[in-house]
Every structure is written in structure tokens, then in C-alpha cells.
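Visitor: File name protein_11.cif; file contents mmCIF, C-alpha atoms; full text below.
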data_my_file
#
loop_
_atom_site.group_PDB
_atom_site.id
_atom_site.type_symbol
_atom_site.label_atom_id
_atom_site.label_comp_id
_atom_site.auth_asym_id
_atom_site.auth_seq_id
_atom_site.Cartn_x
_atom_site.Cartn_y
_atom_site.Cartn_z
ATOM 1 C CA MET A 1 -32.444 -33.781 -31.607
ATOM 2 C CA SER A 2 -32.590 -35.564 -28.293
ATOM 3 C CA VAL A 3 -29.655 -37.474 -26.894
ATOM 4 C CA LYS A 4 -30.066 -40.205 -24.296
ATOM 5 C CA ARG A 5 -27.496 -39.895 -21.566
ATOM 6 C CA LYS A 6 -27.717 -43.623 -20.746
ATOM 7 C CA VAL A 7 -26.539 -44.491 -24.265
ATOM 8 C CA LEU A 8 -23.457 -42.348 -23.780
ATOM 9 C CA GLU A 9 -22.830 -43.755 -20.295
ATOM 10 C CA ALA A 10 -22.463 -47.202 -21.873
ATOM 11 C CA LYS A 11 -19.582 -45.988 -24.064
ATOM 12 C CA THR A 12 -15.924 -46.299 -23.160
ATOM 13 C CA ASP A 13 -13.799 -43.298 -22.227
ATOM 14 C CA GLN A 14 -12.036 -43.512 -25.582
ATOM 15 C CA GLU A 15 -15.365 -43.383 -27.449
ATOM 16 C CA LEU A 16 -16.487 -40.408 -25.369
ATOM 17 C CA GLU A 17 -13.293 -38.532 -26.263
ATOM 18 C CA TYR A 18 -14.531 -38.372 -29.886
ATOM 19 C CA TYR A 19 -17.463 -36.271 -28.677
ATOM 20 C CA LEU A 20 -15.041 -33.658 -27.334
ATOM 21 C CA GLN A 21 -12.947 -33.212 -30.465
ATOM 22 C CA GLU A 22 -13.245 -30.070 -32.564
ATOM 23 C CA ASN A 23 -15.482 -30.327 -35.631
ATOM 24 C CA ASN A 24 -17.166 -33.517 -34.448
ATOM 25 C CA LYS A 25 -20.477 -34.464 -36.031
ATOM 26 C CA PHE A 26 -22.357 -34.826 -32.763
ATOM 27 C CA VAL A 27 -25.026 -32.495 -31.404
ATOM 28 C CA PRO A 28 -23.951 -30.091 -28.628
ATOM 29 C CA GLN A 29 -25.974 -31.956 -25.993
ATOM 30 C CA ALA A 30 -24.066 -35.180 -26.741
ATOM 31 C CA SER A 31 -20.736 -33.389 -26.314
ATOM 32 C CA GLN A 32 -21.947 -31.864 -23.053
ATOM 33 C CA PHE A 33 -23.043 -35.267 -21.748
ATOM 34 C CA ALA A 34 -19.728 -36.844 -22.787
ATOM 35 C CA TYR A 35 -17.826 -34.123 -20.931
ATOM 36 C CA GLU A 36 -19.924 -34.591 -17.784
ATOM 37 C CA ILE A 37 -19.642 -38.402 -17.896
ATOM 38 C CA LEU A 38 -15.868 -38.262 -18.298
ATOM 39 C CA LYS A 39 -15.623 -35.856 -15.340
ATOM 40 C CA LEU A 40 -17.738 -38.223 -13.221
ATOM 41 C CA ARG A 41 -15.446 -41.094 -14.180
ATOM 42 C CA GLY A 42 -12.506 -39.175 -12.795
ATOM 43 C CA ARG A 43 -11.043 -37.667 -15.949
ATOM 44 C CA ILE A 44 -9.257 -34.442 -15.010
ATOM 45 C CA PHE A 45 -9.508 -31.666 -17.566
ATOM 46 C CA THR A 46 -7.052 -28.783 -17.695
ATOM 47 C CA PRO A 47 -8.575 -25.300 -17.578
ATOM 48 C CA GLU A 48 -7.626 -24.925 -21.255
ATOM 49 C CA ASP A 49 -9.456 -28.151 -22.154
ATOM 50 C CA THR A 50 -12.511 -27.082 -20.180
ATOM 51 C CA GLU A 51 -12.561 -23.701 -21.908
ATOM 52 C CA ARG A 52 -12.037 -25.270 -25.341
ATOM 53 C CA ILE A 53 -14.854 -27.790 -24.793
ATOM 54 C CA THR A 54 -17.200 -25.136 -23.412
ATOM 55 C CA LEU A 55 -16.533 -22.830 -26.363
ATOM 56 C CA MET A 56 -16.983 -25.710 -28.836
ATOM 57 C CA ILE A 57 -20.357 -26.634 -27.284
ATOM 58 C CA GLU A 58 -21.500 -22.993 -27.274
ATOM 59 C CA LYS A 59 -20.406 -22.517 -30.893
ATOM 60 C CA LYS A 60 -22.236 -25.680 -32.016
ATOM 61 C CA SER A 61 -25.341 -24.596 -30.076
ATOM 62 C CA GLU A 62 -25.333 -21.247 -31.872
ATOM 63 C CA GLU A 63 -24.949 -22.965 -35.247
ATOM 64 C CA ASP A 64 -27.847 -25.328 -34.492
ATOM 65 C CA LYS A 65 -30.271 -22.543 -33.638
ATOM 66 C CA ILE A 66 -32.913 -22.007 -36.282
ATOM 67 C CA ILE A 67 -33.145 -18.357 -37.140
ATOM 68 C CA ILE A 68 -36.598 -17.423 -38.326
ATOM 69 C CA HIS A 69 -36.576 -14.225 -40.335
ATOM 70 C CA GLN A 70 -39.215 -11.618 -39.565
ATOM 71 C CA ASN A 71 -40.591 -12.023 -43.111
ATOM 72 C CA HIS A 72 -41.316 -15.694 -42.390
ATOM 73 C CA LYS A 73 -43.540 -14.646 -39.523
ATOM 74 C CA LYS A 74 -45.299 -11.941 -41.556
ATOM 75 C CA ALA A 75 -45.816 -14.238 -44.543
ATOM 76 C CA ALA A 76 -47.188 -17.014 -42.325
ATOM 77 C CA ILE A 77 -49.724 -14.609 -40.822
ATOM 78 C CA LEU A 78 -50.788 -13.538 -44.315
ATOM 79 C CA ILE A 79 -51.290 -17.158 -45.397
ATOM 80 C CA TYR A 80 -53.215 -17.960 -42.192
ATOM 81 C CA ILE A 81 -55.483 -14.977 -42.901
ATOM 82 C CA SER A 82 -55.904 -16.110 -46.506
ATOM 83 C CA ALA A 83 -56.851 -19.643 -45.418
ATOM 84 C CA THR A 84 -59.309 -18.259 -42.879
ATOM 85 C CA LEU A 85 -60.859 -16.120 -45.596
ATOM 86 C CA GLY A 86 -61.158 -19.336 -47.610
ATOM 87 C CA ILE A 87 -63.373 -20.739 -44.864
ATOM 88 C CA VAL A 88 -65.511 -17.578 -44.956
ATOM 89 C CA ASN A 89 -65.736 -17.816 -48.744
ATOM 90 C CA MET A 90 -66.780 -21.446 -48.550
ATOM 91 C CA ILE A 91 -69.622 -20.511 -46.209
ATOM 92 C CA LEU A 92 -70.752 -17.494 -48.253
ATOM 93 C CA PHE A 93 -70.522 -19.026 -51.727
ATOM 94 C CA PRO A 94 -74.120 -19.704 -52.791
ATOM 95 C CA ASP A 95 -73.381 -22.052 -55.712
ATOM 96 C CA LEU A 96 -71.205 -24.447 -53.704
ATOM 97 C CA PRO A 97 -72.847 -27.860 -53.702
ATOM 98 C CA PHE A 98 -72.609 -29.248 -50.189
ATOM 99 C CA SER A 99 -71.772 -32.791 -51.188
ATOM 100 C CA PHE A 100 -69.318 -35.025 -49.399
ATOM 101 C CA PHE A 101 -66.797 -34.637 -52.240
ATOM 102 C CA SER A 102 -66.901 -30.812 -52.316
ATOM 103 C CA ILE A 103 -66.533 -30.589 -48.548
ATOM 104 C CA PHE A 104 -63.674 -33.128 -48.647
ATOM 105 C CA VAL A 105 -61.842 -31.130 -51.350
ATOM 106 C CA ALA A 106 -62.392 -27.875 -49.451
ATOM 107 C CA ILE A 107 -60.963 -29.398 -46.263
ATOM 108 C CA ILE A 108 -57.947 -30.734 -48.160
ATOM 109 C CA VAL A 109 -57.266 -27.339 -49.773
ATOM 110 C CA LEU A 110 -57.674 -25.470 -46.488
ATOM 111 C CA GLY A 111 -55.499 -27.999 -44.682
ATOM 112 C CA PHE A 112 -52.877 -27.544 -47.382
ATOM 113 C CA MET A 113 -52.957 -23.760 -46.925
ATOM 114 C CA PHE A 114 -52.745 -23.999 -43.138
ATOM 115 C CA GLY A 115 -49.893 -26.514 -43.581
ATOM 116 C CA ILE A 116 -47.966 -24.148 -45.826
ATOM 117 C CA ALA A 117 -48.508 -21.337 -43.322
ATOM 118 C CA TYR A 118 -47.202 -23.575 -40.542
ATOM 119 C CA MET A 119 -44.121 -24.538 -42.569
ATOM 120 C CA ILE A 120 -43.422 -20.868 -43.300
ATOM 121 C CA SER A 121 -43.840 -19.938 -39.629
ATOM 122 C CA LYS A 122 -41.136 -22.498 -38.759
ATOM 123 C CA GLY A 123 -38.691 -20.893 -41.216
ATOM 124 C CA SER A 124 -38.985 -23.365 -44.081
ATOM 125 C CA ASN A 125 -37.575 -21.942 -47.306
ATOM 126 C CA GLY A 126 -39.060 -24.761 -49.383
ATOM 127 C CA ALA A 127 -42.586 -23.569 -48.609
ATOM 128 C CA LYS A 128 -42.073 -20.439 -50.702
ATOM 129 C CA TYR A 129 -41.512 -22.578 -53.785
ATOM 130 C CA ILE A 130 -44.642 -24.612 -53.103
ATOM 131 C CA LEU A 131 -46.614 -21.406 -52.617
ATOM 132 C CA LEU A 132 -45.209 -19.911 -55.825
ATOM 133 C CA VAL A 133 -46.153 -22.997 -57.858
ATOM 134 C CA CYS A 134 -49.653 -22.899 -56.383
ATOM 135 C CA MET A 135 -49.956 -19.227 -57.288
ATOM 136 C CA ILE A 136 -48.829 -19.905 -60.866
ATOM 137 C CA PHE A 137 -51.505 -22.576 -61.194
ATOM 138 C CA GLY A 138 -53.902 -20.149 -59.499
ATOM 139 C CA ILE A 139 -53.564 -17.720 -62.403
ATOM 140 C CA ILE A 140 -55.979 -20.009 -64.239
ATOM 141 C CA TYR A 141 -58.527 -19.154 -61.515
ATOM 142 C CA ILE A 142 -58.455 -15.346 -62.127
ATOM 143 C CA PRO A 143 -61.193 -15.308 -64.812
ATOM 144 C CA PHE A 144 -63.412 -17.281 -62.420
ATOM 145 C CA ILE A 145 -62.766 -14.680 -59.682
ATOM 146 C CA LEU A 146 -63.754 -11.879 -62.053
ATOM 147 C CA LEU A 147 -66.922 -13.744 -63.010
ATOM 148 C CA THR A 148 -67.690 -14.330 -59.338
ATOM 149 C CA ILE A 149 -67.406 -10.593 -58.609
ATOM 150 C CA THR A 150 -70.266 -9.918 -61.020
ATOM 151 C CA ARG A 151 -72.448 -12.705 -59.572
ATOM 152 C CA THR A 152 -71.550 -12.601 -55.850
ATOM 153 C CA PRO A 153 -69.496 -9.466 -55.132
ATOM 154 C CA ILE A 154 -68.593 -10.340 -51.530
ATOM 155 C CA VAL A 155 -67.215 -13.758 -52.470
ATOM 156 C CA GLY A 156 -65.318 -12.294 -55.433
ATOM 157 C CA ILE A 157 -63.783 -9.522 -53.360
ATOM 158 C CA ILE A 158 -62.742 -11.998 -50.668
ATOM 159 C CA SER A 159 -61.134 -14.179 -53.366
ATOM 160 C CA LEU A 160 -59.221 -11.170 -54.717
ATOM 161 C CA LEU A 161 -58.151 -10.307 -51.181
ATOM 162 C CA GLN A 162 -56.918 -13.899 -50.687
ATOM 163 C CA THR A 163 -54.907 -13.670 -53.905
ATOM 164 C CA ALA A 164 -53.415 -10.329 -52.857
ATOM 165 C CA LEU A 165 -52.441 -11.720 -49.442
ATOM 166 C CA GLN A 166 -50.775 -14.732 -51.035
ATOM 167 C CA VAL A 167 -48.853 -12.587 -53.535
ATOM 168 C CA TRP A 168 -47.745 -10.320 -50.683
ATOM 169 C CA ALA A 169 -46.578 -13.375 -48.725
ATOM 170 C CA ILE A 170 -44.558 -14.615 -51.710
ATOM 171 C CA VAL A 171 -42.920 -11.202 -52.111
ATOM 172 C CA LEU A 172 -41.983 -11.181 -48.422
ATOM 173 C CA LEU A 173 -40.547 -14.698 -48.641
ATOM 174 C CA TYR A 174 -38.400 -13.867 -51.670
ATOM 175 C CA GLN A 175 -37.010 -10.786 -49.885
ATOM 176 C CA ILE A 176 -35.390 -12.955 -47.205
ATOM 177 C CA PRO A 177 -31.604 -13.008 -47.632
ATOM 178 C CA LYS A 178 -30.122 -16.392 -48.467
ATOM 179 C CA ASN A 179 -27.387 -16.331 -45.822
ATOM 180 C CA LYS A 180 -28.121 -16.016 -42.110
ATOM 181 C CA SER A 181 -25.754 -13.118 -41.447
ATOM 182 C CA GLU A 182 -27.754 -10.534 -43.403
#
Kindly transcribe the structure held in the file into C-alpha cells.
Guide:
Amino acid sequence: MSVKRKVLEAKTDQELEYYLQENNKFVPQASQFAYEILKLRGRIFTPEDTERITLMIEKKSEEDKIIIHQNHKKAAILIYISATLGIVNMILFPDLPFSFFSIFVAIIVLGFMFGIAYMISKGSNGAKYILLVCMIFGIIYIPFILLTITRTPIVGIISLLQTALQVWAIVLLYQIPKNKSE
């Protein structure tokens, strides 16, 4: 979140003091700006106050950092690969009618997959639920994949590979510990 220094400069000294209190609701940058503005206005801080404020800002900065688990990164790569294989499958599938509607649906589905991969790469835990629901609905598609293997083996094998990559990604995402300390 971005804080505008000019907005804080318009506040009174009393209002800026709230930014320097322990357990305030403000972002670390706002507290830092408030501290600097008060110093410029002539407020003298004791060494203890300076240390307390510095520690508070550092602690809040650490809390605000988004920790992206290694499994998020691995799962995102798997979903990106799966979506890319979807493009290859779309090109190789001989029975795909190249109408405006089919191309539009394919673009929407691929965009959805790339979007999920992006969300996962940013550490979103909600994306794993979306992916799981999609996979559950995708179970309906398995007989079609098996039929496709007999008609167009390359397309069927790529579809199975996509499914395997997505299942692997879901497994990785559900192995991420719930709390950040683990």
C-alpha cells in the first residue's frame, strides 16, 4: 500500500503521534513518514523512543511481507505448463471446429488457467480451492480423454499429461502448512 507523504504533512503533531503508537493500524511506511515529519518539525525523541519506533516499524514491515511458499512456485509452474499444453492441444486437435465461438471459449479457458497460475505464483491460497473445484468438474471429462486417446493419441496423451500436472499442482498446494512459521 502506498502512503502519500503530503497527506501526512497536513496532519497536526497530535494526529501524527497516533502513527507512532504500538499496535497502530497504519502501514509501516506511514509510521516512518510520521516519525520523519515530527523530527523535521522539531520534535525531540529520546534514544528509547527512537529505538522503540524503529523496532515497531521493522516488526510491522516483517509482518506485512508476503511469504510465498516454494510449493506455490512449483504449482504455478505446473499450471503454466498445463495451460501451454492446452494451446498445443487446441492446435493439434483435428475435430475442433474453428468457429468464433470455439476460439472464444478456448481463449477464456486458457486465460482462466493462466490466471489461476498467476494467482498461485503470488501466494494466493484461494486459488487452490478454485483449482480443486475445476478438477472435480473435470472428472466428467475423463471418458472423453480416453476416447480421444483411441482417435488421436497425441492429443489424448497431452490431455492426460495436463490432468496429471494439475493433480500434482493441487497436491503441492495442499501440502503447504497453514501457518507461516512452518
Visitor: Evaluate the PyMOL selection byres ((chain A and resi 160) around 12) on the structure here and hand back the selected residues as a PDB file with C-alpha atoms, in the frame of the given file.
Guide:
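Wrote part03.pdb, looks like this:
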ATOM      1  CA  SER A  82     -55.904 -16.110 -46.506  1.00  0.00           C
ATOM      2  CA  LEU A  85     -60.859 -16.120 -45.596  1.00  0.00           C
ATOM      3  CA  GLY A  86     -61.158 -19.336 -47.610  1.00  0.00           C
ATOM      4  CA  ASN A  89     -65.736 -17.816 -48.744  1.00  0.00           C
ATOM      5  CA  GLY A 138     -53.902 -20.149 -59.499  1.00  0.00           C
ATOM      6  CA  ILE A 139     -53.564 -17.720 -62.403  1.00  0.00           C
ATOM      7  CA  TYR A 141     -58.527 -19.154 -61.515  1.00  0.00           C
ATOM      8  CA  ILE A 142     -58.455 -15.346 -62.127  1.00  0.00           C
ATOM      9  CA  PRO A 143     -61.193 -15.308 -64.812  1.00  0.00           C
ATOM     10  CA  PHE A 144     -63.412 -17.281 -62.420  1.00  0.00           C
ATOM     11  CA  ILE A 145     -62.766 -14.680 -59.682  1.00  0.00           C
ATOM     12  CA  LEU A 146     -63.754 -11.879 -62.053  1.00  0.00           C
ATOM     13  CA  LEU A 147     -66.922 -13.744 -63.010  1.00  0.00           C
ATOM     14  CA  THR A 148     -67.690 -14.330 -59.338  1.00  0.00           C
ATOM     15  CA  ILE A 149     -67.406 -10.593 -58.609  1.00  0.00           C
ATOM     16  CA  PRO A 153     -69.496  -9.466 -55.132  1.00  0.00           C
ATOM     17  CA  ILE A 154     -68.593 -10.340 -51.530  1.00  0.00           C
ATOM     18  CA  VAL A 155     -67.215 -13.758 -52.470  1.00  0.00           C
ATOM     19  CA  GLY A 156     -65.318 -12.294 -55.433  1.00  0.00           C
ATOM     20  CA  ILE A 157     -63.783  -9.522 -53.360  1.00  0.00           C
ATOM     21  CA  ILE A 158     -62.742 -11.998 -50.668  1.00  0.00           C
ATOM     22  CA  SER A 159     -61.134 -14.179 -53.366  1.00  0.00           C
ATOM     23  CA  LEU A 161     -58.151 -10.307 -51.181  1.00  0.00           C
ATOM     24  CA  GLN A 162     -56.918 -13.899 -50.687  1.00  0.00           C
ATOM     25  CA  THR A 163     -54.907 -13.670 -53.905  1.00  0.00           C
ATOM     26  CA  ALA A 164     -53.415 -10.329 -52.857  1.00  0.00           C
ATOM     27  CA  LEU A 165     -52.441 -11.720 -49.442  1.00  0.00           C
ATOM     28  CA  GLN A 166     -50.775 -14.732 -51.035  1.00  0.00           C
ATOM     29  CA  VAL A 167     -48.853 -12.587 -53.535  1.00  0.00           C
TER      30      VAL A 167
END
Visitor: Apply the PyMOL selection byres ((chain A and resi 69) around 12) to the file shown and report the selected residues as a ChimeraX atom specification.
Guide: /A:66-68,70-76,120-125,172-182
Visitor: Distance atom CA of A:Thr54-atom CA of A:Leu20, one decimal place?
Guide: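 Rounded to one decimal, the two atoms are 9.6 Å apart.
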Visitor: Which one is closest to A:Lys6: A:Phe100, A:Phe33, A:Phe93, A:Tyr129? Count all atoms listed in the file.
Guide: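 Ranking A:Phe100, A:Phe33, A:Phe93, A:Tyr129 by distance to A:Lys6, first place goes to A:Phe33.
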Visitor: How would you write, as a list in words, the residues chosen by the PyMOL selection byres ((chain A and resi 27-32) around 8) on this structure?
Guide: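 So the PyMOL selection byres ((chain A and resi 27-32) around 8), applied here, picks out Met1, Ser2, Val3, Arg5, Leu8, Tyr19, Leu20, Lys25, Phe26, Phe33, Ala34, Tyr35, Glu36, Ile57, Glu58, Lys60 and Ser61 of chain A.
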Visitor: Using atom CA of A:Thr46 and atom CA of A:Thr12 as the two end points, give the distance in Å to one decimal.
Guide: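 Distance reported for this atom pair: 20.4 Å.
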Visitor: Could you tell me how far atom CA of A:Leu92 lies from atom CA of A:Ile170, in Å and to one decimal?
Guide: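 These two atoms are separated by 26.6 Å.
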Visitor: Specify the axis-aligned box that encloses all atoms of stretch 29-42 of chain A listed in the file after padding of 8 Å on each side, stating its centre and edge lengths in Å to one decimal as AutoDock Vina command-line options.
Guide:
--center_x -19.2 --center_y -36.5 --center_z -19.8 --size_x 29.5 --size_y 25.2 --size_z 29.9
Visitor: When distances are computed from all atoms listed in the file, which of A:Ile103, A:Ala127, A:Ile77, A:Val7 shows the smallest separation from A:Ile37?
Guide: A:Val7
Visitor: Looking at all atoms listed in the file, which of A:Glu9, A:Val133, A:Asn23, A:Ile116 is the one that sits closest to A:Met56?
Guide: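 Result for the nearest residue to A:Met56: A:Asn23.
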